[in-house]
Amino acid sequence: QVQLVESGGGLVQAGGSLRLSCAASGRTFSSYVMGWFRQAPGKEREFVAAISWSGGSADYAESVKGRFTISRDNGKNMVYLQMNSLKPEDTAVYYCAADRNRRALYFGSYYSTSYNYWGQGTQVTVSS
């Protein structure tokens with residue numbers, strides 16, 4: 001079992017930055033693909049970014065490429081999402097997720113249904 005706890009959300013002006021953190025429990029964390037998803041009011045949950053077990057590969061939604069960076073520290077059981085040049089359309093609840101069945105990214109890493117464990121979410125609000 002893995003428990004995920006997100007932090008770092010808040011209110012920021014457009015153009016600003018935030019760093020989200022996800023603390024994971026469980027000794028097998030380091031072998032999982034980890035992802036970030038977000039859900040805005042009235043919209044479906046959408047993929048933001050994912051990272052392989054080693055951190056050697058990562059991928060992003062087109063809408064955040066060049067602005068967001070996902071990283072992980074397996075020694076600390078942490079996953080991060082650095083968000084720069086934030087836009088009002090980035091406003092959402094951000095969720096951290098773990099895929100216990102995969103070490104490497106694959107086509108399923110872009111879909112929320114591939115992930116087994118979820119955090120409670122952290123709110124990010126970007127004002128214009």
# chains A, B, ... in the order shown; residues from 1 in each chain; ligands from 1

$ select_by_dssp --residues "chain A" --states "strand (DSSP E)" --output "number ranges by chain"
A: 4-7, 10-13, 18-24, 33-39, 46-51, 58-60, 68-73, 78-83, 92-99, 117-118, 122-127

$ residues_around --residues "A:Ser17" --least-positions-apart "4" --cutoff "7 Å" --atoms "only C-alpha atoms" --output "NGL selection string"
:A and (83-86)

$ write_last_selection --atoms "C-alpha atoms" --output "JSON list (two decimals), in the first residue's frame"
[["chain", "number", "residue", "atom", "x", "y", "z"],
["A", 83, "MET", "CA", 5.38, 25.06, -12.27],
["A", 84, "ASN", "CA", 6.64, 28.24, -13.92],
["A", 85, "SER", "CA", 4.96, 30.90, -16.05],
["A", 86, "LEU", "CA", 1.61, 29.96, -14.58]]

$ atom_distance --atom1 "atom CA of A:Trp118" --atom2 "atom CA of A:Cys96"
5.9 Å

$ atom_distance --atom1 "atom CA of A:Asn77" --atom2 "atom CA of A:Arg102"
16.7 Å

$ residues_around --residues "A:Arg72" --least-positions-apart "4" --cutoff "9 Å" --atoms "only C-alpha atoms" --output "list of chain:residue names"
A:Met34, A:Ile51, A:Trp53, A:Ser54, A:Gly55, A:Lys76, A:Asn77, A:Met78, A:Val79, A:Tyr80, A:Leu81

$ residues_around --residues "A:Ala40" --least-positions-apart "5" --cutoff "12 Å" --atoms "only C-alpha atoms" --output "NGL selection string"
:A and (45-47 or 88-95 or 121-126)

$ write_last_selection --atoms "N, CA, C and O atoms" --output "short mmCIF file (atom, residue, chain, number, x, y, z; two decimals), in the first residue's frame"
data_model
loop_
_atom_site.label_atom_id
_atom_site.label_comp_id
_atom_site.auth_asym_id
_atom_site.auth_seq_id
_atom_site.Cartn_x
_atom_site.Cartn_y
_atom_site.Cartn_z
N ARG A 45 -10.66 15.04 -15.03
CA ARG A 45 -9.27 15.00 -14.60
C ARG A 45 -8.37 14.80 -15.82
O ARG A 45 -8.67 13.94 -16.67
N GLU A 46 -7.29 15.56 -15.89
CA GLU A 46 -6.41 15.47 -17.05
C GLU A 46 -4.96 15.25 -16.66
O GLU A 46 -4.51 15.68 -15.59
N PHE A 47 -4.25 14.61 -17.56
CA PHE A 47 -2.84 14.33 -17.36
C PHE A 47 -2.03 15.63 -17.42
O PHE A 47 -2.29 16.50 -18.25
N PRO A 88 -3.84 31.52 -15.84
CA PRO A 88 -5.13 31.28 -15.18
C PRO A 88 -5.73 29.92 -15.52
O PRO A 88 -6.38 29.30 -14.68
N GLU A 89 -5.48 29.44 -16.73
CA GLU A 89 -6.03 28.14 -17.12
C GLU A 89 -5.34 26.96 -16.44
O GLU A 89 -5.77 25.82 -16.58
N ASP A 90 -4.30 27.23 -15.68
CA ASP A 90 -3.66 26.18 -14.87
C ASP A 90 -4.39 25.98 -13.55
O ASP A 90 -4.06 25.06 -12.79
N THR A 91 -5.36 26.81 -13.26
CA THR A 91 -6.11 26.70 -12.01
C THR A 91 -6.85 25.36 -11.96
O THR A 91 -7.59 25.01 -12.88
N ALA A 92 -6.60 24.61 -10.89
CA ALA A 92 -7.19 23.27 -10.75
C ALA A 92 -6.75 22.69 -9.41
O ALA A 92 -5.87 23.24 -8.74
N VAL A 93 -7.35 21.57 -9.08
CA VAL A 93 -6.82 20.74 -7.99
C VAL A 93 -5.82 19.78 -8.64
O VAL A 93 -6.14 19.11 -9.62
N TYR A 94 -4.62 19.74 -8.08
CA TYR A 94 -3.56 18.90 -8.61
C TYR A 94 -3.40 17.66 -7.75
O TYR A 94 -3.32 17.74 -6.52
N TYR A 95 -3.33 16.52 -8.43
CA TYR A 95 -3.23 15.23 -7.75
C TYR A 95 -1.95 14.50 -8.13
O TYR A 95 -1.56 14.47 -9.30
N GLY A 121 -5.09 15.69 -3.17
CA GLY A 121 -5.09 16.86 -4.04
C GLY A 121 -4.70 18.13 -3.32
O GLY A 121 -4.87 18.25 -2.10
N THR A 122 -4.18 19.07 -4.08
CA THR A 122 -3.84 20.39 -3.56
C THR A 122 -4.31 21.43 -4.56
O THR A 122 -4.11 21.28 -5.78
N GLN A 123 -4.93 22.49 -4.06
CA GLN A 123 -5.53 23.50 -4.92
C GLN A 123 -4.48 24.49 -5.41
O GLN A 123 -3.70 25.03 -4.62
N VAL A 124 -4.48 24.73 -6.70
CA VAL A 124 -3.66 25.77 -7.31
C VAL A 124 -4.59 26.76 -7.99
O VAL A 124 -5.41 26.38 -8.82
N THR A 125 -4.47 28.02 -7.61
CA THR A 125 -5.29 29.07 -8.19
C THR A 125 -4.38 30.14 -8.76
O THR A 125 -3.53 30.69 -8.05
N VAL A 126 -4.56 30.44 -10.05
CA VAL A 126 -3.74 31.44 -10.72
C VAL A 126 -4.63 32.60 -11.10
O VAL A 126 -5.58 32.44 -11.87
#

$ closest_residue --among "A:Gly10, A:Gly56, A:Thr69, A:Gly35" --to "A:Gly108" --atoms "only C-alpha atoms"
A:Gly35

$ atom_distance --atom1 "atom CA of A:Ala24" --atom2 "atom CA of A:Ser71"
13.6 Å

$ closest_residue --among "A:Ser57, A:Ala97, A:Phe107, A:Phe29" --to "A:Val5" --atoms "only C-alpha atoms"
A:Ala97

$ closest_residue --among "A:Gln120, A:Thr113, A:Ser127, A:Ser52" --to "A:Gln3" --atoms "only C-alpha atoms"
A:Gln120

$ closest_residue --among "A:Ala49, A:Val2, A:Ala14, A:Val33" --to "A:Tyr110" --atoms "only C-alpha atoms"
A:Ala49

$ closest_residue --among "A:Ile70, A:Ser7, A:Ala50, A:Ala61" --to "A:Tyr32" --atoms "only C-alpha atoms"
A:Ala50
